[in-house]
>>> print(open('upload_38.txt').read())   # compact mmCIF, C-alpha atoms and all ligand atoms
# COMPACT_ATOMS: atom_id res chain seq x y z
CA MET A 995 -4.11 -25.53 -20.01
CA GLY A 996 -4.75 -26.10 -16.33
CA VAL A 997 -3.02 -26.98 -13.12
CA SER A 998 -2.98 -30.33 -11.41
CA LEU A 999 -6.62 -31.33 -11.05
CA THR A 1000 -8.17 -31.00 -7.64
CA SER A 1001 -11.50 -32.29 -6.44
CA GLN A 1002 -11.68 -29.81 -3.56
CA THR A 1003 -12.41 -26.11 -3.56
CA LEU A 1004 -9.18 -24.21 -2.84
CA ARG A 1005 -9.72 -21.95 0.18
CA THR A 1006 -6.36 -20.95 1.63
CA PRO A 1007 -3.11 -19.45 0.34
CA ALA A 1008 -1.46 -22.80 1.11
CA ASP A 1009 -4.06 -24.57 -1.08
CA LEU A 1010 -3.23 -22.19 -3.93
CA LEU A 1011 0.49 -22.83 -3.49
CA ASP A 1012 0.01 -26.61 -3.37
CA ALA A 1013 -2.12 -26.49 -6.51
CA GLY A 1014 0.61 -24.58 -8.33
CA LEU A 1015 -1.58 -21.51 -8.82
CA ILE A 1016 0.76 -19.12 -7.02
CA ALA A 1017 4.52 -19.04 -6.47
CA GLU A 1018 6.20 -19.23 -3.06
CA ALA A 1019 7.22 -15.59 -3.52
CA ASP A 1020 3.55 -14.55 -3.77
CA LEU A 1021 2.46 -16.37 -0.65
CA ALA A 1022 2.81 -13.51 1.85
CA GLY A 1023 0.96 -11.02 -0.37
CA VAL A 1024 -1.87 -13.48 -1.06
CA ALA A 1025 -2.08 -14.35 2.65
CA ALA A 1026 -2.46 -10.68 3.58
CA VAL A 1027 -5.44 -10.39 1.23
CA ALA A 1028 -6.92 -13.68 2.44
CA GLU A 1029 -6.94 -12.31 6.00
CA ARG A 1030 -9.28 -9.57 4.82
CA TYR A 1031 -11.38 -11.13 2.04
CA ALA A 1032 -12.74 -14.63 1.46
CA VAL A 1033 -10.99 -16.95 -0.98
CA ALA A 1034 -12.50 -19.90 -2.85
CA ILE A 1035 -11.69 -21.38 -6.25
CA SER A 1036 -13.81 -24.32 -7.35
CA PRO A 1037 -12.17 -27.33 -9.02
CA ALA A 1038 -13.71 -26.40 -12.38
CA MET A 1039 -12.20 -22.90 -12.27
CA ALA A 1040 -8.84 -24.04 -10.86
CA ALA A 1041 -8.54 -26.48 -13.77
CA LEU A 1042 -8.97 -23.63 -16.25
CA ILE A 1043 -6.15 -21.49 -14.91
CA ASP A 1044 -2.86 -21.48 -16.77
CA PRO A 1045 -0.29 -20.49 -14.12
CA ALA A 1046 2.30 -19.83 -16.83
CA ASP A 1047 0.14 -16.98 -18.15
CA SER A 1048 0.52 -13.94 -15.91
CA ALA A 1049 -2.52 -12.37 -17.61
CA ASP A 1050 -4.77 -15.42 -17.36
CA PRO A 1051 -8.36 -14.07 -17.28
CA ILE A 1052 -9.60 -16.82 -14.98
CA ALA A 1053 -6.73 -16.41 -12.49
CA ARG A 1054 -7.36 -12.67 -12.33
CA GLN A 1055 -10.94 -13.24 -11.28
CA PHE A 1056 -10.17 -15.59 -8.41
CA ILE A 1057 -6.56 -15.39 -7.19
CA PRO A 1058 -6.06 -12.73 -4.50
CA ASP A 1059 -3.99 -9.73 -5.57
CA PRO A 1060 -2.21 -7.45 -3.06
CA ARG A 1061 -3.80 -4.46 -4.82
CA GLU A 1062 -7.06 -5.48 -3.12
CA LEU A 1063 -5.73 -3.93 0.06
CA MET A 1064 -5.41 -0.50 -1.58
CA HIS A 1065 -8.71 1.19 -0.78
CA LEU A 1066 -9.59 4.47 -2.50
CA PRO A 1067 -11.67 7.23 -0.88
CA GLU A 1068 -14.49 6.86 -3.42
CA GLU A 1069 -14.82 3.12 -2.73
CA ARG A 1070 -17.40 1.90 -0.24
CA ALA A 1071 -18.23 -1.20 1.72
CA ASP A 1072 -21.81 -1.18 0.37
CA PRO A 1073 -21.27 0.29 -3.11
CA ILE A 1074 -24.80 -0.21 -4.45
CA GLY A 1075 -26.53 0.79 -1.23
CA ASP A 1076 -28.16 -2.52 -0.27
CA LEU A 1077 -28.30 -1.51 3.38
CA THR A 1078 -30.06 1.77 2.59
CA HIS A 1079 -32.96 -0.22 1.17
CA SER A 1080 -33.04 -3.12 3.59
CA PRO A 1081 -36.20 -2.93 5.71
CA LEU A 1082 -35.22 -6.14 7.51
CA GLU A 1083 -32.51 -8.76 7.48
CA GLY A 1084 -32.21 -10.59 4.15
CA ILE A 1085 -34.51 -8.26 2.16
CA VAL A 1086 -33.51 -5.39 -0.13
CA HIS A 1087 -36.50 -3.43 -1.44
CA ARG A 1088 -35.06 -0.83 -3.81
CA TYR A 1089 -37.68 -0.79 -6.59
CA PRO A 1090 -41.42 -0.98 -5.91
CA ASP A 1091 -42.25 -4.22 -7.72
CA ARG A 1092 -39.34 -6.43 -6.71
CA VAL A 1093 -37.20 -7.44 -3.76
CA LEU A 1094 -33.90 -9.19 -3.30
CA LEU A 1095 -34.05 -12.13 -0.93
CA LYS A 1096 -30.55 -12.77 0.37
CA ALA A 1097 -30.96 -16.08 2.19
CA VAL A 1098 -27.29 -16.95 2.12
CA HIS A 1099 -24.00 -15.05 1.96
CA VAL A 1100 -21.63 -17.76 0.84
CA CYS A 1101 -20.51 -18.52 -2.70
CA PRO A 1102 -18.87 -21.45 -4.51
CA VAL A 1103 -16.07 -19.08 -5.57
CA TYR A 1104 -15.10 -15.65 -4.33
CA CYS A 1105 -14.63 -13.18 -7.15
CA ARG A 1106 -11.91 -10.64 -6.44
CA PHE A 1107 -14.05 -7.80 -7.84
CA CYS A 1108 -17.20 -8.74 -5.90
CA PHE A 1109 -19.51 -5.79 -5.20
CA ARG A 1110 -20.69 -7.46 -1.99
CA ARG A 1111 -17.23 -8.51 -0.84
CA GLU A 1112 -17.73 -6.98 2.60
CA MET A 1113 -20.92 -9.04 3.09
CA VAL A 1114 -20.08 -12.47 1.61
CA GLY A 1115 -17.80 -15.25 2.80
CA PRO A 1116 -17.42 -17.24 6.00
CA GLU A 1117 -17.09 -13.98 7.94
CA GLY A 1118 -19.95 -12.37 6.01
CA LEU A 1119 -23.58 -11.75 6.87
CA GLY A 1120 -24.27 -15.48 7.22
CA THR A 1121 -27.36 -17.50 6.38
CA LEU A 1122 -30.82 -16.39 7.43
CA GLY A 1123 -32.06 -18.37 10.42
CA PRO A 1124 -35.67 -19.61 10.75
CA GLU A 1125 -36.90 -16.48 12.52
CA ALA A 1126 -35.32 -14.09 10.01
CA LEU A 1127 -36.73 -16.17 7.15
CA ASP A 1128 -40.21 -16.04 8.67
CA LYS A 1129 -39.97 -12.27 8.84
CA ALA A 1130 -38.63 -12.02 5.27
CA PHE A 1131 -41.48 -14.11 3.86
CA GLY A 1132 -43.94 -12.18 6.02
CA TYR A 1133 -42.65 -8.96 4.45
CA ILE A 1134 -43.04 -10.31 0.91
CA ALA A 1135 -46.53 -11.63 1.67
CA SER A 1136 -47.67 -8.32 3.15
CA HIS A 1137 -46.44 -6.19 0.22
CA SER A 1138 -48.81 -6.90 -2.64
CA GLU A 1139 -46.78 -4.71 -5.00
CA ILE A 1140 -43.98 -7.29 -5.01
CA TRP A 1141 -44.25 -9.04 -8.38
CA GLU A 1142 -40.74 -10.49 -8.52
CA VAL A 1143 -38.47 -12.07 -5.91
CA ILE A 1144 -34.78 -12.20 -6.80
CA LEU A 1145 -32.72 -14.74 -4.88
CA THR A 1146 -29.17 -13.54 -4.67
CA GLY A 1147 -26.62 -13.34 -1.93
CA GLY A 1148 -24.09 -14.85 -1.90
CA ASP A 1149 -25.11 -17.54 -4.31
CA PRO A 1150 -28.53 -19.11 -3.66
CA LEU A 1151 -27.58 -22.27 -5.54
CA VAL A 1152 -25.16 -23.30 -2.81
CA LEU A 1153 -28.26 -24.24 -0.82
CA SER A 1154 -29.20 -27.90 -0.93
CA PRO A 1155 -32.15 -28.84 -3.15
CA ARG A 1156 -34.11 -29.60 0.02
CA ARG A 1157 -33.52 -26.10 1.44
CA LEU A 1158 -34.36 -24.51 -1.89
CA GLN A 1159 -37.55 -26.58 -2.12
CA GLU A 1160 -38.58 -25.24 1.29
CA LEU A 1161 -38.01 -21.64 0.20
CA MET A 1162 -39.85 -22.18 -3.07
CA ALA A 1163 -42.79 -23.82 -1.30
CA ARG A 1164 -43.17 -20.65 0.77
CA LEU A 1165 -43.11 -18.44 -2.32
CA ALA A 1166 -45.71 -20.71 -3.94
CA ASN A 1167 -48.17 -19.53 -1.27
CA ILE A 1168 -47.82 -15.83 -2.12
CA PRO A 1169 -50.18 -15.17 -5.05
CA HIS A 1170 -48.92 -11.69 -6.00
CA VAL A 1171 -45.38 -13.01 -6.62
CA LYS A 1172 -45.33 -14.06 -10.26
CA ILE A 1173 -41.61 -14.27 -11.06
CA VAL A 1174 -38.78 -15.93 -9.13
CA ARG A 1175 -35.30 -15.05 -10.34
CA PHE A 1176 -32.01 -16.60 -9.25
CA HIS A 1177 -28.63 -14.92 -9.69
CA THR A 1178 -25.85 -17.48 -9.68
CA ARG A 1179 -22.33 -18.47 -10.66
CA VAL A 1180 -23.01 -22.19 -10.03
CA PRO A 1181 -23.81 -23.40 -13.60
CA VAL A 1182 -20.37 -22.14 -14.64
CA VAL A 1183 -18.16 -22.69 -11.60
CA GLU A 1184 -19.76 -25.87 -10.17
CA PRO A 1185 -21.73 -27.28 -13.11
CA GLU A 1186 -22.00 -30.71 -11.51
CA ARG A 1187 -24.44 -29.25 -8.96
CA ILE A 1188 -27.04 -28.67 -11.68
CA ASP A 1189 -28.75 -32.03 -11.43
CA GLY A 1190 -32.36 -33.16 -11.54
CA ALA A 1191 -33.00 -32.52 -7.85
CA LEU A 1192 -31.68 -28.96 -8.00
CA ILE A 1193 -33.64 -28.18 -11.17
CA GLU A 1194 -36.84 -29.49 -9.58
CA ALA A 1195 -36.18 -27.28 -6.56
CA LEU A 1196 -35.64 -24.20 -8.75
CA LYS A 1197 -39.06 -24.73 -10.33
CA ALA A 1198 -40.86 -25.72 -7.15
CA SER A 1199 -42.52 -22.35 -6.55
CA GLY A 1200 -44.72 -22.96 -9.60
CA LYS A 1201 -43.98 -19.37 -10.64
CA THR A 1202 -42.18 -18.36 -13.81
CA THR A 1203 -38.54 -19.05 -13.05
CA TYR A 1204 -35.66 -16.99 -14.43
CA LEU A 1205 -32.02 -17.69 -13.79
CA ALA A 1206 -29.25 -15.16 -14.43
CA VAL A 1207 -26.00 -16.94 -15.28
CA HIS A 1208 -22.92 -14.96 -14.21
CA ALA A 1209 -19.90 -15.43 -16.51
CA ASN A 1210 -17.22 -12.96 -17.57
CA HIS A 1211 -15.02 -14.74 -20.08
CA PRO A 1212 -15.84 -17.26 -22.83
CA ARG A 1213 -13.31 -19.72 -21.41
CA GLU A 1214 -15.56 -20.13 -18.36
CA LEU A 1215 -18.11 -21.81 -20.62
CA THR A 1216 -16.50 -25.24 -20.53
CA PRO A 1217 -18.24 -28.31 -22.01
CA GLU A 1218 -19.47 -29.13 -18.48
CA ALA A 1219 -20.84 -25.61 -17.96
CA ARG A 1220 -22.51 -25.73 -21.36
CA ALA A 1221 -24.13 -29.04 -20.50
CA ALA A 1222 -25.37 -27.67 -17.16
CA ILE A 1223 -26.85 -24.61 -18.85
CA GLY A 1224 -28.45 -26.93 -21.41
CA ARG A 1225 -30.13 -28.91 -18.61
CA LEU A 1226 -31.59 -25.71 -17.18
CA ALA A 1227 -32.85 -24.55 -20.58
CA ASP A 1228 -34.34 -27.96 -21.35
CA ALA A 1229 -36.22 -27.79 -18.04
CA GLY A 1230 -37.96 -24.63 -19.21
CA ILE A 1231 -36.09 -22.20 -16.99
CA ALA A 1232 -35.70 -18.86 -18.75
CA LEU A 1233 -32.01 -17.93 -18.84
CA ILE A 1234 -30.44 -14.48 -18.93
CA SER A 1235 -26.82 -13.45 -18.48
CA GLN A 1236 -24.88 -11.09 -16.34
CA THR A 1237 -21.28 -10.07 -16.89
CA VAL A 1238 -19.05 -7.56 -15.15
CA LEU A 1239 -16.84 -5.47 -17.44
CA LEU A 1240 -13.37 -6.10 -16.04
CA ARG A 1241 -10.02 -4.62 -16.97
CA GLY A 1242 -7.61 -7.22 -18.28
CA ILE A 1243 -10.33 -9.88 -18.40
CA ASN A 1244 -13.01 -8.91 -20.89
CA ASP A 1245 -12.44 -5.24 -21.80
CA ASP A 1246 -11.97 -6.26 -25.40
CA ALA A 1247 -14.55 -6.31 -28.20
CA ASP A 1248 -13.50 -9.76 -29.47
CA VAL A 1249 -13.77 -11.32 -26.00
CA LEU A 1250 -17.14 -9.71 -25.29
CA ALA A 1251 -18.47 -10.68 -28.73
CA GLU A 1252 -17.40 -14.30 -28.22
CA LEU A 1253 -18.96 -14.40 -24.75
CA MET A 1254 -22.28 -12.86 -25.80
CA ARG A 1255 -22.56 -15.11 -28.85
CA ALA A 1256 -21.83 -18.14 -26.69
CA PHE A 1257 -24.63 -17.12 -24.33
CA VAL A 1258 -27.09 -16.88 -27.22
CA GLU A 1259 -25.97 -20.24 -28.61
CA LEU A 1260 -26.66 -21.70 -25.14
CA ARG A 1261 -30.18 -20.17 -25.03
CA VAL A 1262 -29.07 -17.55 -22.50
CA ARG A 1263 -30.33 -14.08 -23.46
CA PRO A 1264 -27.61 -11.47 -22.79
CA TYR A 1265 -28.97 -9.14 -20.15
CA TYR A 1266 -26.59 -6.98 -18.13
CA LEU A 1267 -23.02 -5.86 -18.68
CA HIS A 1268 -22.24 -4.23 -15.34
CA HIS A 1269 -19.79 -1.40 -15.01
CA PRO A 1270 -17.69 -2.52 -12.02
CA ASP A 1271 -18.91 -1.10 -8.73
CA LEU A 1272 -16.84 0.97 -6.32
CA ALA A 1273 -16.14 -2.00 -4.05
CA PRO A 1274 -13.08 -1.63 -1.81
CA GLY A 1275 -9.77 -2.66 -3.36
CA THR A 1276 -11.11 -3.17 -6.88
CA ALA A 1277 -9.68 -0.15 -8.70
CA HIS A 1278 -7.41 -2.39 -10.77
CA PHE A 1279 -10.52 -3.97 -12.34
CA ARG A 1280 -12.26 -0.76 -13.31
CA VAL A 1281 -12.20 0.62 -16.83
CA PRO A 1282 -13.15 4.20 -17.71
CA ILE A 1283 -16.83 4.52 -18.56
CA ALA A 1284 -15.88 6.01 -21.95
CA LYS A 1285 -14.02 2.81 -22.77
CA GLY A 1286 -17.02 0.71 -21.78
CA GLN A 1287 -19.26 2.85 -23.96
CA ALA A 1288 -16.91 2.46 -26.94
CA LEU A 1289 -16.81 -1.32 -26.43
CA VAL A 1290 -20.58 -1.64 -26.27
CA LYS A 1291 -20.96 0.58 -29.32
CA SER A 1292 -18.54 -1.60 -31.26
CA LEU A 1293 -20.67 -4.66 -30.43
CA ARG A 1294 -23.66 -3.08 -32.19
CA GLY A 1295 -22.24 -3.49 -35.68
CA ARG A 1296 -20.39 -6.67 -34.91
CA ILE A 1297 -22.91 -9.10 -33.42
CA SER A 1298 -26.60 -9.89 -33.70
CA GLY A 1299 -29.19 -7.84 -31.85
CA LEU A 1300 -29.96 -11.01 -29.89
CA ALA A 1301 -26.46 -10.91 -28.43
CA GLN A 1302 -26.40 -7.29 -27.20
CA PRO A 1303 -26.13 -6.80 -23.43
CA THR A 1304 -27.32 -3.62 -21.72
CA TYR A 1305 -24.41 -1.67 -20.24
CA ILE A 1306 -25.40 -0.45 -16.79
CA LEU A 1307 -24.08 1.34 -13.76
CA ASP A 1308 -25.47 0.87 -10.29
CA ILE A 1309 -25.55 4.41 -8.99
CA PRO A 1310 -23.61 4.48 -5.70
CA GLY A 1311 -25.75 5.08 -2.65
CA GLY A 1312 -28.60 2.77 -3.63
CA HIS A 1313 -30.19 4.91 -6.34
CA GLY A 1314 -30.59 1.92 -8.65
CA LYS A 1315 -29.38 1.08 -12.13
CA ALA A 1316 -28.84 3.47 -15.02
CA VAL A 1317 -28.21 2.52 -18.64
CA ILE A 1318 -24.90 4.13 -19.58
CA GLU A 1319 -24.51 3.28 -23.25
CA ALA A 1320 -23.20 6.12 -25.43
CA SER A 1321 -26.09 7.94 -27.02
CA THR A 1322 -26.58 7.43 -30.75
CA ILE A 1323 -29.14 10.21 -31.07
CA ARG A 1324 -28.72 14.00 -30.86
CA ALA A 1325 -31.49 16.58 -30.88
CA LEU A 1326 -31.13 19.15 -33.66
CA GLY A 1327 -34.19 21.20 -32.66
CA ASP A 1328 -37.64 21.52 -34.25
CA GLY A 1329 -38.31 17.83 -33.67
CA CYS A 1330 -35.30 16.78 -35.77
CA TYR A 1331 -32.53 14.46 -34.68
CA ALA A 1332 -29.17 13.22 -35.88
CA VAL A 1333 -29.01 9.43 -35.49
CA GLU A 1334 -25.76 7.54 -35.75
CA ASP A 1335 -25.64 4.14 -37.47
CA PHE A 1336 -23.36 1.28 -36.46
CA ARG A 1337 -20.62 2.57 -38.78
CA GLY A 1338 -20.61 5.93 -37.00
CA VAL A 1339 -22.35 7.75 -39.90
CA GLU A 1340 -25.02 10.28 -38.88
CA HIS A 1341 -28.43 10.48 -40.55
CA THR A 1342 -31.16 13.06 -40.09
CA TYR A 1343 -34.46 11.91 -38.62
CA PRO A 1344 -37.02 12.43 -40.04
CA PRO A 1345 -35.16 12.30 -43.38
CA LYS A 1346 -35.12 15.51 -45.39
CA ASP A 1347 -35.60 13.82 -48.77
S1 LIG A 1401 -20.42 -15.15 -6.89
FE1 LIG A 1401 -21.35 -13.07 -6.87
S2 LIG A 1401 -21.68 -12.59 -4.70
FE2 LIG A 1401 -20.25 -14.33 -4.80
S3 LIG A 1401 -18.19 -13.44 -4.77
FE3 LIG A 1401 -18.73 -13.66 -6.94
S4 LIG A 1401 -19.67 -11.68 -7.49
FE4 LIG A 1401 -19.66 -11.81 -5.23
>>> encode(input="upload_38.txt", output="structure tokens")
Amino acid sequence: MGVSLTSQTLRTPADLLDAGLIAEADLAGVAAVAERYAVAISPAMAALIDPADSADPIARQFIPDPRELMHLPEERADPIGDLTHSPLEGIVHRYPDRVLLKAVHVCPVYCRFCFRREMVGPEGLGTLGPEALDKAFGYIASHSEIWEVILTGGDPLVLSPRRLQELMARLANIPHVKIVRFHTRVPVVEPERIDGALIEALKASGKTTYLAVHANHPRELTPEARAAIGRLADAGIALISQTVLLRGINDDADVLAELMRAFVELRVRPYYLHHPDLAPGTAHFRVPIAKGQALVKSLRGRISGLAQPTYILDIPGGHGKAVIEASTIRALGDGCYAVEDFRGVEHTYPPKD
């Protein structure tokens, strides 16, 4: 059930009102948030929202909520510490063998829980100019330990195929880079952009190309999104998923199971389930870690091993990712362990009999 169809991305509180996504009474609250954080809802996502459902999981991801202006002391503008590991504009070098290349800081939608919400948007860090790009590629070329370049942002797939081709042609000339990975919302929120020209551009580095599809609820995987993902898979692009665990959106075993199974059916290997970061004004999206652990544990017995995501936390301050699944093994001493099966029953390892 959706609202009146629109062919334009909704970018202002007035657009949301006109599209029937918010009520007149909500306008002032939404406008206050929009002054502070970017707003964009693509036509595909706007069409999915049921305004009659106050708990609609798509609306919650994209419609500004006055709670976003409540900032907690533990929240931070740069929750995963990108800036700590940024040797120059557009590059984040946190782990030895890979870098983030953030060529652009705009997105086709603005997610209300975004971990880079202080950096993205029209008022964000902007797009790298020619000089900054030269320096970024110079950095990658001069660090032979860089095996993988991850294009993120913002959303790199908002770039035109021509711009992407140019970036890929530069990576093609750096022999030690073997893997190019894109992190994107586009196949889901603007599936019509995934056409032949864009796919050619994604592959133009000649390197092994991975693409991480960001989706948080099975309803996002519309027939159009499924077709776009199919085009990417058919083109030989390796697909992995990323999902943010979000209160009131997907903090439910049935929803997560349906989403992860859908990924596998679409040839997308489930990869990361992110615990939400401490981005400003996002407390209403965060679930307790214990709840996330229980959810992930319940997926073990419920769905195929192919469909299991890895539950991770980005340690605040830029210390990188940590797997935070509940442990299923307990040391008993003398080289013995108690191992829990998917039903919660413990077994001794090595077995006594
Ligand atoms: S698409 Fe990614 S970077 Fe852009 S707003 Fe959403 S979470 Fe943030």
>>> axis_aligned_box(input="upload_38.txt", around="ligand LIG 1401 (chain A)", padding_each_side="4 Å", output="lines of an AutoDock Vina configuration file")
center_x = -19.9
center_y = -13.4
center_z = -6.1
size_x = 11.5
size_y = 11.5
size_z = 10.8
>>> residues_around(input="upload_38.txt", residues="region 1293-1296 of chain A", least_positions_apart="4", cutoff="8 Å", atoms="only C-alpha atoms", output="list in words")
Ala1247, Ala1251, Leu1289, Gln1302, Phe1336 and Arg1337 of chain A
>>> closest_residue(input="upload_38.txt", among="A:Ala1135, A:Ala1019, A:Leu1151, A:Ala1332", to="ligand LIG 1401 (chain A)", atoms="only C-alpha atoms and all ligand atoms")
A:Leu1151
>>> residues_around(input="upload_38.txt", residues="Met1039 (chain A)", least_positions_apart="5", cutoff="9 Å", atoms="all atoms listed in the file", output="ChimeraX atom specification")
/A:1052-1053,1056,1103,1182-1184,1214
>>> closest_atom_pairs(input="upload_38.txt", of="chain A", to="ligand LIG 1401 (chain A)", cutoff="10 Å", atoms="all atoms listed in the file", output="CSV")
residue,atom,partner,partner_atom,distance
A:Tyr1031,CA,A:LIG1401,S3,9.9
A:Ala1032,CA,A:LIG1401,S3,8.4
A:Val1033,CA,A:LIG1401,S3,8.9
A:Ala1034,CA,A:LIG1401,S3,8.8
A:Gln1055,CA,A:LIG1401,FE3,8.9
A:Phe1056,CA,A:LIG1401,FE3,8.9
A:Val1098,CA,A:LIG1401,S2,9.8
A:His1099,CA,A:LIG1401,S2,7.5
A:Val1100,CA,A:LIG1401,FE2,6.7
A:Cys1101,CA,A:LIG1401,FE2,4.7
A:Pro1102,CA,A:LIG1401,S1,6.9
A:Val1103,CA,A:LIG1401,S1,6.0
A:Tyr1104,CA,A:LIG1401,S3,3.8
A:Cys1105,CA,A:LIG1401,FE3,4.1
A:Arg1106,CA,A:LIG1401,S3,7.1
A:Phe1107,CA,A:LIG1401,S4,6.8
A:Cys1108,CA,A:LIG1401,FE4,4.0
A:Phe1109,CA,A:LIG1401,FE4,6.0
A:Arg1110,CA,A:LIG1401,FE4,5.5
A:Arg1111,CA,A:LIG1401,FE4,6.0
A:Glu1112,CA,A:LIG1401,FE4,9.4
A:Met1113,CA,A:LIG1401,S2,8.6
A:Val1114,CA,A:LIG1401,S2,6.5
A:Gly1115,CA,A:LIG1401,S3,7.8
A:Thr1146,CA,A:LIG1401,S2,7.6
A:Gly1147,CA,A:LIG1401,S2,5.7
A:Gly1148,CA,A:LIG1401,S2,4.3
A:Asp1149,CA,A:LIG1401,FE2,5.8
A:Pro1150,CA,A:LIG1401,S2,9.5
A:His1177,CA,A:LIG1401,FE1,8.0
A:Thr1178,CA,A:LIG1401,S1,6.5
A:Arg1179,CA,A:LIG1401,S1,5.4
A:Val1180,CA,A:LIG1401,S1,8.1
A:Val1183,CA,A:LIG1401,S1,9.2
A:His1208,CA,A:LIG1401,S1,7.7
A:Ala1209,CA,A:LIG1401,S1,9.6
A:Thr1237,CA,A:LIG1401,S4,9.7
A:Val1238,CA,A:LIG1401,S4,8.7
>>> closest_residue(input="upload_38.txt", among="A:Glu1068, A:Glu1083, A:Asp1076, A:Glu1062", to="Ala1028 (chain A)", atoms="all atoms listed in the file")
A:Glu1062
>>> atom_distance(input="upload_38.txt", atom1="CA of Ala1232 (chain A)", atom2="CA of Val1262 (chain A)")
7.7 Å
>>> atom_distance(input="upload_38.txt", atom1="CA of Arg1261 (chain A)", atom2="CA of Ala1219 (chain A)")
12.9 Å
